[in-house]
Structure formats: C-alpha cells, structure tokens
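A.B. asks: File follows, work11.cif with mmCIF, C-alpha atoms (C1' of nucleotides) and all ligand atoms:
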```cif
data_run
#
loop_
_atom_site.label_atom_id
_atom_site.label_comp_id
_atom_site.auth_asym_id
_atom_site.auth_seq_id
_atom_site.Cartn_x
_atom_site.Cartn_y
_atom_site.Cartn_z
CA MET A 1 6.51 93.87 135.41
CA LEU A 2 9.07 96.54 134.58
CA ASP A 3 7.45 99.23 132.51
CA ILE A 4 4.25 101.01 133.35
CA ASP A 5 3.18 100.97 129.70
CA ASN A 6 3.46 97.18 129.61
CA ILE A 7 1.02 97.08 132.45
CA PHE A 8 -1.42 99.39 130.71
CA GLU A 9 -1.21 97.27 127.60
CA LYS A 10 -1.71 94.01 129.46
CA ILE A 11 -4.82 95.41 131.11
CA LYS A 12 -6.29 96.42 127.77
CA LEU A 13 -5.45 93.08 126.20
CA ASP A 14 -7.33 91.37 129.01
CA GLY A 15 -10.44 93.32 128.03
CA HIS A 16 -10.35 95.89 130.81
CA ARG A 17 -10.54 99.64 130.62
CA LEU A 18 -7.87 102.21 131.26
CA THR A 19 -9.81 104.65 133.34
CA LYS A 20 -8.41 107.83 134.81
CA ILE A 21 -8.47 106.41 138.31
CA ARG A 22 -6.89 103.14 137.26
CA LYS A 23 -4.06 104.87 135.43
CA ALA A 24 -3.52 107.31 138.27
CA MET A 25 -3.44 104.58 140.92
CA ILE A 26 -0.93 102.52 138.98
CA GLY A 27 1.09 105.68 138.46
CA ILE A 28 1.07 106.44 142.18
CA LEU A 29 2.09 102.90 143.09
CA PHE A 30 4.83 103.00 140.47
CA ALA A 31 6.17 106.35 141.61
CA ASP A 32 6.36 105.37 145.24
CA LYS A 33 7.31 101.75 144.76
CA CYS A 34 7.04 100.83 148.44
CA LEU A 35 4.27 100.36 150.99
CA LEU A 36 1.31 102.63 150.36
CA SER A 37 -1.94 102.20 152.27
CA ALA A 38 -5.38 102.48 150.71
CA SER A 39 -6.02 105.78 152.44
CA GLU A 40 -2.63 107.17 151.39
CA ILE A 41 -3.38 106.24 147.81
CA ARG A 42 -6.75 107.95 148.10
CA THR A 43 -5.13 111.09 149.47
CA ARG A 44 -2.62 111.20 146.63
CA LEU A 45 -5.38 110.74 144.13
CA SER A 46 -7.26 113.75 145.44
CA VAL A 47 -4.06 115.80 145.65
CA SER A 48 -3.58 115.09 141.96
CA GLY A 49 -7.11 116.36 141.33
CA LEU A 50 -8.85 113.01 141.08
CA SER A 51 -11.31 112.27 143.83
CA ALA A 52 -12.23 108.63 144.13
CA ASP A 53 -14.61 106.93 146.50
CA ARG A 54 -13.13 104.62 149.13
CA THR A 55 -15.03 101.75 147.52
CA THR A 56 -13.45 102.44 144.17
CA VAL A 57 -9.95 102.45 145.61
CA TYR A 58 -10.51 99.12 147.36
CA ARG A 59 -12.07 97.58 144.27
CA GLU A 60 -9.18 98.76 142.15
CA LEU A 61 -6.66 97.39 144.64
CA GLY A 62 -8.50 94.08 144.46
CA PHE A 63 -8.30 94.18 140.70
CA LEU A 64 -4.58 94.95 140.69
CA LEU A 65 -3.96 92.16 143.20
CA GLU A 66 -5.82 89.69 141.04
CA LYS A 67 -3.80 90.75 138.01
CA ASN A 68 -0.65 90.27 140.10
CA ILE A 69 0.39 93.85 139.44
CA ILE A 70 0.60 94.73 143.12
CA LYS A 71 0.93 92.78 146.34
CA GLU A 72 -0.31 93.20 149.87
CA ILE A 73 1.94 93.59 152.89
CA ARG A 74 0.92 93.84 156.51
CA ILE A 75 3.39 95.39 158.88
CA ALA A 76 3.08 95.87 162.61
CA ASP A 77 0.84 98.94 162.56
CA ARG A 78 -2.46 97.26 161.71
CA LYS A 79 -2.66 98.75 158.27
CA THR A 80 -2.52 96.97 154.98
CA TYR A 81 0.01 98.24 152.49
CA TYR A 82 0.37 97.72 148.79
CA GLU A 83 3.28 97.89 146.41
CA ILE A 84 4.08 97.15 142.81
CA VAL A 85 5.24 93.57 142.27
CA SER A 86 8.92 93.95 141.50
CA PRO A 87 11.06 91.41 139.67
CA GLU A 88 13.30 90.96 142.68
CA HIS A 89 11.70 89.45 145.77
CA HIS A 90 12.55 91.62 148.74
CA HIS A 91 11.80 92.36 152.37
CA HIS A 92 11.54 95.55 154.39
CA LEU A 93 13.47 97.37 157.07
CA VAL A 94 10.92 99.42 158.99
CA CYS A 95 12.30 102.11 161.29
CA THR A 96 10.19 102.21 164.43
CA LYS A 97 11.26 105.78 165.18
CA CYS A 98 10.86 107.67 161.89
CA ASN A 99 8.66 105.12 160.09
CA SER A 100 10.93 105.07 157.06
CA VAL A 101 11.04 101.90 154.99
CA GLN A 102 13.99 100.44 153.09
CA GLU A 103 13.96 97.37 150.93
CA ILE A 104 16.40 94.52 151.38
CA VAL A 105 17.15 91.52 149.17
CA MET A 106 18.04 88.39 151.09
CA GLY A 107 19.39 85.76 148.71
CA ASN A 108 18.16 82.22 149.04
CA HIS A 109 18.52 81.68 152.76
CA LEU A 110 14.81 81.35 153.25
CA LYS A 111 14.49 78.92 150.38
CA ARG A 112 16.80 76.57 152.24
CA GLN A 113 14.75 76.95 155.39
CA GLU A 114 11.62 76.18 153.44
CA ASP A 115 13.14 72.95 152.16
CA ARG A 116 13.99 72.07 155.73
CA ILE A 117 10.42 72.84 156.81
CA TYR A 118 9.11 70.48 154.18
CA LYS A 119 11.38 67.66 155.32
CA LYS A 120 10.70 68.25 158.99
CA ALA A 121 7.02 69.12 159.08
CA ARG A 122 5.75 68.01 155.67
CA PHE A 123 4.46 71.56 155.26
CA LYS A 124 4.75 72.90 151.71
CA VAL A 125 5.65 76.58 151.90
CA LEU A 126 4.13 78.63 149.07
CA ALA A 127 4.77 82.12 150.39
CA HIS A 128 6.24 83.94 153.33
CA SER A 129 6.24 87.33 154.92
CA LEU A 130 9.36 88.72 156.53
CA GLU A 131 9.85 92.25 157.75
CA PHE A 132 12.48 93.67 160.06
CA TYR A 133 11.84 96.37 162.66
CA GLY A 134 14.47 98.54 164.24
CA LEU A 135 16.40 101.78 163.89
CA CYS A 136 17.56 103.19 160.59
CA ARG A 137 20.92 104.80 159.94
CA ASN A 138 19.64 108.23 160.93
CA CYS A 139 17.74 107.21 164.03
CA ARG A 140 20.30 105.23 165.96
CA MET B 1 7.47 83.14 181.48
CA LEU B 2 6.84 79.46 182.08
CA ASP B 3 4.28 79.05 184.81
CA ILE B 4 0.91 80.75 184.89
CA ASP B 5 1.23 81.28 188.64
CA ASN B 6 4.49 83.18 188.17
CA ILE B 7 2.60 85.53 185.91
CA PHE B 8 -0.18 86.04 188.43
CA GLU B 9 2.39 86.76 191.11
CA LYS B 10 4.34 89.20 188.98
CA ILE B 11 1.16 91.12 188.22
CA LYS B 12 0.32 91.41 191.90
CA LEU B 13 3.86 92.45 192.79
CA ASP B 14 3.58 95.25 190.24
CA GLY B 15 0.56 96.58 192.13
CA HIS B 16 -2.12 95.34 189.76
CA ARG B 17 -5.22 93.33 190.48
CA LEU B 18 -6.04 89.77 189.66
CA THR B 19 -9.56 90.19 188.39
CA LYS B 20 -11.72 87.38 187.09
CA ILE B 21 -11.41 88.59 183.53
CA ARG B 22 -7.65 89.05 183.77
CA LYS B 23 -7.12 85.58 185.16
CA ALA B 24 -9.47 84.04 182.64
CA MET B 25 -7.81 85.79 179.69
CA ILE B 26 -4.36 84.70 180.75
CA GLY B 27 -5.74 81.19 181.26
CA ILE B 28 -7.22 81.16 177.76
CA LEU B 29 -4.01 82.43 176.18
CA PHE B 30 -2.03 79.86 178.15
CA ALA B 31 -4.29 76.99 177.22
CA ASP B 32 -4.23 77.74 173.52
CA LYS B 33 -0.68 78.98 173.26
CA CYS B 34 -0.94 80.10 169.65
CA LEU B 35 -2.63 82.90 167.71
CA LEU B 36 -5.91 83.96 169.27
CA SER B 37 -7.73 87.07 168.04
CA ALA B 38 -9.44 89.55 170.33
CA SER B 39 -12.87 88.37 169.26
CA GLU B 40 -11.93 84.70 169.73
CA ILE B 41 -10.76 85.48 173.23
CA ARG B 42 -14.00 87.29 173.91
CA THR B 43 -16.01 84.32 172.67
CA ARG B 44 -14.09 81.93 174.90
CA LEU B 45 -14.62 84.20 177.84
CA SER B 46 -18.36 84.15 177.39
CA VAL B 47 -18.37 80.39 176.79
CA SER B 48 -16.69 80.03 180.16
CA GLY B 49 -19.46 82.12 181.70
CA LEU B 50 -17.61 85.44 181.84
CA SER B 51 -18.95 88.14 179.61
CA ALA B 52 -16.56 91.00 179.01
CA ASP B 53 -17.02 94.14 176.98
CA ARG B 54 -14.97 94.50 173.81
CA THR B 55 -13.28 97.52 175.38
CA THR B 56 -12.20 95.50 178.38
CA VAL B 57 -10.67 92.78 176.24
CA TYR B 58 -8.67 95.30 174.21
CA ARG B 59 -7.54 97.14 177.31
CA GLU B 60 -6.45 93.91 178.93
CA LEU B 61 -4.58 92.86 175.80
CA GLY B 62 -2.82 96.23 175.92
CA PHE B 63 -1.93 95.62 179.53
CA LEU B 64 -0.56 92.14 178.85
CA LEU B 65 1.46 93.45 175.90
CA GLU B 66 2.98 96.18 178.09
CA LYS B 67 3.89 93.59 180.71
CA ASN B 68 5.47 91.51 177.96
CA ILE B 69 3.27 88.57 178.85
CA ILE B 70 1.82 88.27 175.35
CA LYS B 71 2.84 89.44 171.91
CA GLU B 72 1.01 90.57 168.83
CA ILE B 73 1.20 88.84 165.47
CA ARG B 74 -0.37 89.90 162.23
CA ILE B 75 -0.86 87.26 159.59
CA ALA B 76 -2.25 87.64 156.12
CA ASP B 77 -5.94 87.70 157.03
CA ARG B 78 -6.09 91.26 158.35
CA LYS B 79 -6.68 90.21 161.93
CA THR B 80 -4.41 90.78 164.86
CA TYR B 81 -3.52 87.73 166.88
CA TYR B 82 -2.06 87.34 170.34
CA GLU B 83 -0.09 84.62 172.02
CA ILE B 84 1.77 84.02 175.25
CA VAL B 85 5.44 85.03 175.03
CA SER B 86 7.23 81.71 175.05
CA PRO B 87 10.87 81.18 176.03
CA GLU B 88 11.73 79.90 172.59
CA HIS B 89 11.41 82.38 169.74
CA HIS B 90 9.41 80.79 166.96
CA HIS B 91 7.61 81.39 163.70
CA HIS B 92 4.39 80.04 162.20
CA LEU B 93 3.33 77.76 159.40
CA VAL B 94 -0.12 78.88 158.34
CA CYS B 95 -2.08 76.51 156.13
CA THR B 96 -4.00 78.55 153.58
CA LYS B 97 -6.49 75.74 153.05
CA CYS B 98 -7.54 74.61 156.54
CA ASN B 99 -6.24 77.64 158.48
CA SER B 100 -4.29 75.46 160.90
CA VAL B 101 -1.18 76.93 162.49
CA GLN B 102 2.00 75.14 163.50
CA GLU B 103 4.98 76.64 165.23
CA ILE B 104 8.49 76.31 163.91
CA VAL B 105 11.84 77.12 165.52
CA MET B 106 14.45 78.39 163.09
CA GLY B 107 17.83 78.48 164.80
CA ASN B 108 20.02 81.52 164.33
CA HIS B 109 19.82 81.94 160.57
CA LEU B 110 17.99 85.22 160.86
CA LYS B 111 20.44 86.52 163.45
CA ARG B 112 23.18 86.19 160.87
CA GLN B 113 21.08 88.01 158.31
CA GLU B 114 20.48 90.78 160.80
CA ASP B 115 24.21 91.22 161.33
CA ARG B 116 24.59 91.45 157.58
CA ILE B 117 21.82 94.05 157.41
CA TYR B 118 23.63 96.14 159.97
CA LYS B 119 26.89 96.02 158.03
CA LYS B 120 25.25 96.68 154.71
CA ALA B 121 22.54 99.21 155.53
CA ARG B 122 23.53 100.46 159.00
CA PHE B 123 20.04 99.46 160.10
CA LYS B 124 19.88 98.04 163.62
CA VAL B 125 17.31 95.25 163.67
CA LEU B 126 15.47 95.00 166.98
CA ALA B 127 12.67 92.65 165.97
CA HIS B 128 11.30 90.80 163.01
CA SER B 129 8.17 89.05 161.88
CA LEU B 130 8.34 85.92 159.78
CA GLU B 131 5.44 83.67 158.93
CA PHE B 132 5.16 80.99 156.27
CA TYR B 133 2.04 80.30 154.22
CA GLY B 134 1.31 77.10 152.37
CA LEU B 135 -0.23 73.64 152.66
CA CYS B 136 0.00 71.52 155.76
CA ARG B 137 0.62 67.80 155.86
CA ASN B 138 -3.09 67.03 155.60
CA CYS B 139 -3.97 69.52 152.90
CA ARG B 140 -1.42 68.79 150.22
"C1'" DT C 1 -22.26 109.05 117.01
"C1'" DA C 2 -24.55 105.08 119.17
"C1'" DT C 3 -24.01 100.89 121.79
"C1'" DT C 4 -22.24 97.91 125.22
"C1'" DT C 5 -20.81 96.93 129.70
"C1'" DA C 6 -16.78 97.71 132.83
"C1'" DT C 7 -16.26 100.94 136.17
"C1'" DT C 8 -17.81 104.26 139.52
"C1'" DG C 9 -20.31 106.59 143.41
"C1'" DC C 10 -23.50 106.30 146.94
"C1'" DA C 11 -25.87 104.40 150.80
"C1'" DA C 12 -25.84 101.08 154.10
"C1'" DC C 13 -23.49 97.90 156.61
"C1'" DA C 14 -19.86 94.98 159.34
"C1'" DA C 15 -15.63 94.38 162.02
"C1'" DT C 16 -11.98 96.12 164.63
"C1'" DG C 17 -10.24 99.31 167.70
"C1'" DT C 18 -10.22 103.74 170.82
"C1'" DT C 19 -11.69 107.34 174.33
"C1'" DG C 20 -14.15 109.64 178.31
"C1'" DC C 21 -16.67 108.95 182.20
"C1'" DA C 22 -19.32 106.98 185.86
"C1'" DA C 23 -20.01 102.54 188.31
"C1'" DT C 24 -17.89 98.40 190.19
"C1'" DA C 25 -15.04 95.38 192.62
"C1'" DG C 26 -10.17 93.77 194.07
"C1'" DA C 27 -6.76 94.48 197.74
"C1'" DC C 28 -5.64 95.74 202.04
"C1'" DA C 29 -5.93 98.04 206.57
"C1'" DA C 30 -8.57 98.61 210.58
"C1'" DT D 1 -15.76 91.46 208.77
"C1'" DT D 2 -16.16 96.06 207.25
"C1'" DG D 3 -14.61 100.33 205.09
"C1'" DT D 4 -11.49 102.70 201.99
"C1'" DC D 5 -8.90 103.45 197.92
"C1'" DT D 6 -8.36 103.17 193.18
"C1'" DA D 7 -7.54 99.79 189.41
"C1'" DT D 8 -10.62 97.85 186.48
"C1'" DT D 9 -14.93 97.57 184.04
"C1'" DG D 10 -19.05 98.68 181.12
"C1'" DC D 11 -21.34 101.79 178.33
"C1'" DA D 12 -21.97 105.21 174.86
"C1'" DA D 13 -20.03 107.40 171.24
"C1'" DC D 14 -16.77 107.56 167.89
"C1'" DA D 15 -12.92 106.50 164.17
"C1'" DT D 16 -11.00 103.63 160.61
"C1'" DT D 17 -10.88 99.97 157.45
"C1'" DG D 18 -13.22 97.22 154.40
"C1'" DT D 19 -17.51 95.14 151.86
"C1'" DT D 20 -22.02 94.76 149.17
"C1'" DG D 21 -26.08 96.01 146.15
"C1'" DC D 22 -27.67 98.97 142.88
"C1'" DA D 23 -28.26 102.72 139.73
"C1'" DA D 24 -25.52 106.12 137.06
"C1'" DT D 25 -21.45 106.98 134.27
"C1'" DA D 26 -17.91 106.70 130.97
"C1'" DA D 27 -14.30 103.79 128.30
"C1'" DA D 28 -13.92 101.19 124.09
"C1'" DT D 29 -15.41 99.83 119.75
"C1'" DA D 30 -18.39 99.53 115.74
MN MN E 1 8.93 97.05 148.96
MN MN E 2 3.01 80.73 168.23
ZN ZN E 3 14.48 106.07 161.24
ZN ZN E 4 -4.15 72.49 156.17
#
```
Please, can you express the file's structure as structure tokens?
Ligand SMILES: [Mn+2]
Ligand SMILES: [Mn+2]
Ligand SMILES: [Zn+2]
Ligand SMILES: [Zn+2]
C.D. replies:
Amino acid sequence: MLDIDNIFEKIKLDGHRLTKIRKAMIGILFADKCLLSASEIRTRLSVSGLSADRTTVYRELGFLLEKNIIKEIRIADRKTYYEIVSPEHHHHLVCTKCNSVQEIVMGNHLKRQEDRIYKKARFKVLAHSLEFYGLCRNCR
Amino acid sequence: MLDIDNIFEKIKLDGHRLTKIRKAMIGILFADKCLLSASEIRTRLSVSGLSADRTTVYRELGFLLEKNIIKEIRIADRKTYYEIVSPEHHHHLVCTKCNSVQEIVMGNHLKRQEDRIYKKARFKVLAHSLEFYGLCRNCR
DNA sequence: TATTTATTGCAACAATGTTGCAATAGACAA
DNA sequence: TTGTCTATTGCAACATTGTTGCAATAAATA
C-alpha cells in the first residue's frame, strides 16, 4: 500500500469506480497520513471545491476500510479517526496540550506480550490498539 | 480506592452530597468493575427502581471522573465505557465474537517503552491506552 | 453515444453527549 | 423536627456523529 496509483488501480480492478470524491478522499488521506476525522475530511473536500454529503463520506470511509486501504483509530476525544494503512505498524503519541500527533514504531514487544496472553489466558489476540498521551517536545 | 465506603466518605468530606443516584451509580460501577457504558448504567439504575435522566448520568460520570473515582475507556465499538479506578493498572482483552471482556495486568513493559519514547522523541508520556482484540477461550 | 449500475444526495432517523434554567432534595443548624 | 442553603436533578432544546431507504446522477464500457 505504498503508491496512490496502485490503490486507484486496485479499486478499478475490483470493479469499482474512480469518482471525483473517491479520488479526492484517498488523496486527502494520503497527503495527511495520520488521524483525520470524518468531519475533517469533509471540510478538506469542500475547501478543495468538492462538496460531499456526510452520508457519502461515511460510505466511502466504509468502503476504504473494507478494502483495507485505511484503518480506524479511536483516541481519547470521542472521535473516530482514519488513516492510510501503512506498511509499518505504528502507534501514536498524542500531545494533550497542543493536540499534535506523532507516530512511533515499537518493535515486537507487544508480540511477546500477546504470546504470553495466549499462554496465560488462552485468549488469541488478533489486533490491539495502543496510543500514548502526554506532552510533546514543544509543550513540556 | 478499595472500599466503597471510603469513597462515600471522601465525597462527603469534599462537601458533596450522597444522593440516591450517586450512591447507586457508584454501587453499580463497583459491582461490575469493568467497562460499563452510560446507557448501560442508566438501564441498571432503572432496573433497580431509580430512574435518572440521561443528563444526570452524564453529569455524575463527569463528577466521578473529576474525583478520579472512575476512568474512561474507549474500545473499538464507538462507545465510551467507564470503570472504577482500581489499584492495579490493567488492560483489556475484548473478544470480538462474544463481546466478553477480561482484564490483564502487564507488568512494567510499557514503562520501559515510555522511557525509550522520551529519549527518542522527547515526548513525555503521561498516560496510555492499550486494549487487545481477539478470540476468548470459549470462542476460538 | 447509449447502456448499465455503482455512487451520490436527500430526507428522516437513532444514539450519544451538552447546556441553561427552574424545581427538588441532601446536609446541617436551630 | 423544622427551616435554610445550595448541590443536584429533570426537562427542553440543541449539537455531533453515524445510519438507512430511495430516487437521481455519473463513471465505465460497449
Ligand atoms: Mn498514524
Ligand atoms: Mn477493567
Ligand atoms: Zn504539544
Ligand atoms: Zn468470546
């Protein structure tokens, strides 16, 4: 999931259409990379001259989730965020003062914990969510 | 934060009132310990013969959060959950099939990661959220 | 250009959460 | 027990996020 044109192609090969809104939304998610909410995406669409109904944005987000092009992330502000699925699994550092977000790659520490969880609780971990909250370099 | 009566006492000492709804909500959160939503709490209140307005439940949850008696947790179903602050910091194993929730204590692995984050990114971690999703013992 | 149907917009709805304001009921003193 | 003070509550009204059915529109292809 590296190049935006690969994504466009894959969508067409699957028998779907490359509409203006679809292309623009993927473009927006690609440009920003990290944590955009549905309403933010809608705002950016209209800034770029494309107005889309709320329904359309949600349906498109559903479509992109199904195609595994984006993923959903919920952080501690009761909004749902979306971002392009990147090759490297990562987590987020959310600054509680300026609301900035950095990404962080964590190695395989969690994998080991998940093995331990399986042995201890017989619970098979398939996914996890991990976000850190605190103060960024500028805000401390 | 071990005994429910300690909590009642602390609330009174802080100049607040022990109303029926307040006592009942704390009782409900204490009895269940783990992950109750606002609407679930409201349902349990009315089952126990106490009807409370939605507004009241949210305001009380806000109060209990401020007093650090409960904490908020968001898992991947777009609801906000609440649970009593327990002495032992823990995470959750959420079964995506039967929706059951288990608690899991993880030692200090994350603490070490947080030190690393500070050294690497100069980001001071103050809190984190970590939940695991997968299949419980019965559902695999 | 005509045809097919995936996609879109609109209306209507549901769930969660918030605010202002007047009424109610805990706590405490008399 | 009764009266007073004000923290708490309920109600109405609203905001935001998210969903569904249905008719209109516009990509893709022949
Ligand atoms: Mn990210
Ligand atoms: Mn718990
Ligand atoms: Zn910051
Ligand atoms: Zn299960």
A.B. asks: Chain A near chain C within 10 Å: what's each residue's closest atom pair and its distance in Å to one decimal, counting all atoms listed in the file, ordered by chain then ascending residue number, as CSV?
C.D. replies:
```
residue,atom,partner,partner_atom,distance
A:Gly15,CA,C:DA6,C1',9.1
A:His16,CA,C:DA6,C1',7.0
A:Arg17,CA,C:DA6,C1',6.9
A:Leu18,CA,C:DT7,C1',9.8
A:Thr19,CA,C:DT7,C1',8.0
A:Ile21,CA,C:DT8,C1',9.7
A:Arg22,CA,C:DT7,C1',9.7
A:Ala52,CA,C:DG9,C1',8.4
A:Asp53,CA,C:DG9,C1',6.5
A:Arg54,CA,C:DG9,C1',9.4
A:Thr55,CA,C:DG9,C1',8.3
A:Thr56,CA,C:DT8,C1',6.6
A:Arg59,CA,C:DT7,C1',9.7
A:Glu60,CA,C:DT7,C1',9.5
```
A.B. asks: Counting all atoms listed in the file, which protein, DNA or RNA residues come within 7 Å of ligand ZN 3 (chain E), given as a ChimeraX atom specification?
C.D. replies: /A:95-100,135-139
A.B. asks: What would the file look like if the residues just selected were written as a CSV table (one decimal), keeping the file's coordinate frame with C-alpha atoms?
C.D. replies:
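Here's the written file again.csv:
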```
chain,number,residue,atom,x,y,z
A,95,CYS,CA,12.3,102.1,161.3
A,96,THR,CA,10.2,102.2,164.4
A,97,LYS,CA,11.3,105.8,165.2
A,98,CYS,CA,10.9,107.7,161.9
A,99,ASN,CA,8.7,105.1,160.1
A,100,SER,CA,10.9,105.1,157.1
A,135,LEU,CA,16.4,101.8,163.9
A,136,CYS,CA,17.6,103.2,160.6
A,137,ARG,CA,20.9,104.8,159.9
A,138,ASN,CA,19.6,108.2,160.9
A,139,CYS,CA,17.7,107.2,164.0
```
A.B. asks: Quick one: which residues from chain D are at most 9 Å off chain B, using all atoms listed in the file, as a list of chain:residue names?
C.D. replies: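 In the required form, that comes to D:DA7, D:DT8, D:DT9, D:DG10, D:DC11.
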A.B. asks: For chain B, list the residues within 6 Å of chain A, counting only C-alpha atoms, and write the list as a list in words.
C.D. replies: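 Therefore, the residues near the partner are Arg122, Phe123, Lys124, Val125, Leu126, Ala127, His128, Ser129, Leu130, Glu131, Phe132, Tyr133, Gly134, Leu135, Cys136 and Arg137 of chain B.
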A.B. asks: Mind running a least-squares superposition of chain A onto chain B over all the C-alpha atoms, in order, and reading off the RMSD?
C.D. replies: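 Once chain A is fitted onto chain B, the C-alpha RMSD works out to 0.1 Å.
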A.B. asks: Separation of C1' of DT4 (chain D) and CA of Ala24 (chain B), in Å?
C.D. replies: 27.0 Å
A.B. asks: List all protein, DNA and RNA residues that have any atom at most 8 Å from ligand MN 1 (chain E), counting all atoms listed in the file, and write the list as a PyMOL selection string.
C.D. replies: chain A and resi 33-35+83-84+90-92+102-103
A.B. asks: If I take CA of Tyr58 (chain B) and CA of Glu40 (chain B), how far is one from the other in Å, to one decimal?
C.D. replies: 12.0 Å
A.B. asks: Just to confirm, what's the straight-line distance from CA of Glu88 (chain B) to CA of Phe30 (chain B) in Å (one decimal)?
C.D. replies: 14.8 Å
A.B. asks: Counting all atoms listed in the file, which residues come within 9 Å of (1.4, 100.4, 140.1), with the point read in the file's coordinates, and could you list them as a PyMOL selection string?
C.D. replies: chain A and resi 4+7+23-33+64+69-70+83-85
A.B. asks: Would you please work out which residue, of B:Phe63, B:His89, B:Gly107, B:Arg112, is nearest to ligand MN 2 (chain E) when using only C-alpha atoms and all ligand atoms?
C.D. replies: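 Between B:Phe63, B:His89, B:Gly107, B:Arg112, the residue approaching ligand MN 2 (chain E) most closely is B:His89.
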A.B. asks: Using the incomplete input, complete region 76-94 of chain A to the level of N, CA, C and O atoms; output as a tab-separated table (two decimals), in the frame of the given file.
C.D. replies:
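File out23.tsv, as written:
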```
chain	number	residue	atom	x	y	z
A	76	ALA	N	3.58	95.89	161.23
A	76	ALA	CA	3.08	95.87	162.61
A	76	ALA	C	2.33	97.12	163.01
A	76	ALA	O	2.37	97.51	164.16
A	77	ASP	N	1.63	97.78	162.13
A	77	ASP	CA	0.84	98.94	162.56
A	77	ASP	C	-0.61	98.80	162.14
A	77	ASP	O	-1.31	99.78	161.98
A	78	ARG	N	-1.07	97.60	162.00
A	78	ARG	CA	-2.46	97.26	161.71
A	78	ARG	C	-3.03	97.93	160.46
A	78	ARG	O	-4.23	98.10	160.34
A	79	LYS	N	-2.17	98.30	159.56
A	79	LYS	CA	-2.66	98.75	158.27
A	79	LYS	C	-2.21	97.77	157.22
A	79	LYS	O	-1.23	97.06	157.38
A	80	THR	N	-2.93	97.78	156.11
A	80	THR	CA	-2.52	96.97	154.98
A	80	THR	C	-1.85	97.88	153.98
A	80	THR	O	-2.36	98.96	153.68
A	81	TYR	N	-0.71	97.44	153.48
A	81	TYR	CA	0.01	98.24	152.49
A	81	TYR	C	0.07	97.51	151.17
A	81	TYR	O	-0.07	96.28	151.11
A	82	TYR	N	0.30	98.28	150.13
A	82	TYR	CA	0.37	97.72	148.79
A	82	TYR	C	1.62	98.23	148.11
A	82	TYR	O	2.08	99.35	148.37
A	83	GLU	N	2.18	97.41	147.24
A	83	GLU	CA	3.28	97.89	146.41
A	83	GLU	C	3.31	97.13	145.11
A	83	GLU	O	2.81	96.01	145.00
A	84	ILE	N	3.90	97.77	144.12
A	84	ILE	CA	4.08	97.15	142.81
A	84	ILE	C	4.87	95.86	142.98
A	84	ILE	O	5.83	95.81	143.74
A	85	VAL	N	4.47	94.82	142.29
A	85	VAL	CA	5.24	93.57	142.27
A	85	VAL	C	6.53	93.84	141.50
A	85	VAL	O	6.49	94.22	140.34
A	86	SER	N	7.64	93.69	142.17
A	86	SER	CA	8.92	93.95	141.50
A	86	SER	C	9.59	92.63	141.14
A	86	SER	O	9.31	91.61	141.75
A	87	PRO	N	10.46	92.67	140.13
A	87	PRO	CA	11.06	91.41	139.67
A	87	PRO	C	11.88	90.75	140.77
A	87	PRO	O	11.97	89.52	140.81
A	88	GLU	N	12.44	91.54	141.66
A	88	GLU	CA	13.30	90.96	142.68
A	88	GLU	C	12.55	90.87	144.01
A	88	GLU	O	12.16	91.89	144.58
A	89	HIS	N	12.37	89.65	144.48
A	89	HIS	CA	11.70	89.45	145.77
A	89	HIS	C	12.50	90.12	146.88
A	89	HIS	O	13.70	89.92	146.98
A	90	HIS	N	11.83	90.90	147.70
A	90	HIS	CA	12.55	91.62	148.74
A	90	HIS	C	11.75	91.72	150.04
A	90	HIS	O	10.57	91.41	150.08
A	91	HIS	N	12.43	92.17	151.06
A	91	HIS	CA	11.80	92.36	152.37
A	91	HIS	C	12.00	93.81	152.80
A	91	HIS	O	12.55	94.59	152.04
A	92	HIS	N	11.51	94.14	154.00
A	92	HIS	CA	11.54	95.55	154.39
A	92	HIS	C	12.20	95.78	155.74
A	92	HIS	O	12.07	94.98	156.65
A	93	LEU	N	12.90	96.91	155.81
A	93	LEU	CA	13.47	97.37	157.07
A	93	LEU	C	12.63	98.57	157.51
A	93	LEU	O	12.69	99.63	156.89
A	94	VAL	N	11.83	98.38	158.54
A	94	VAL	CA	10.92	99.42	158.99
A	94	VAL	C	11.50	100.09	160.24
A	94	VAL	O	11.72	99.43	161.26
```
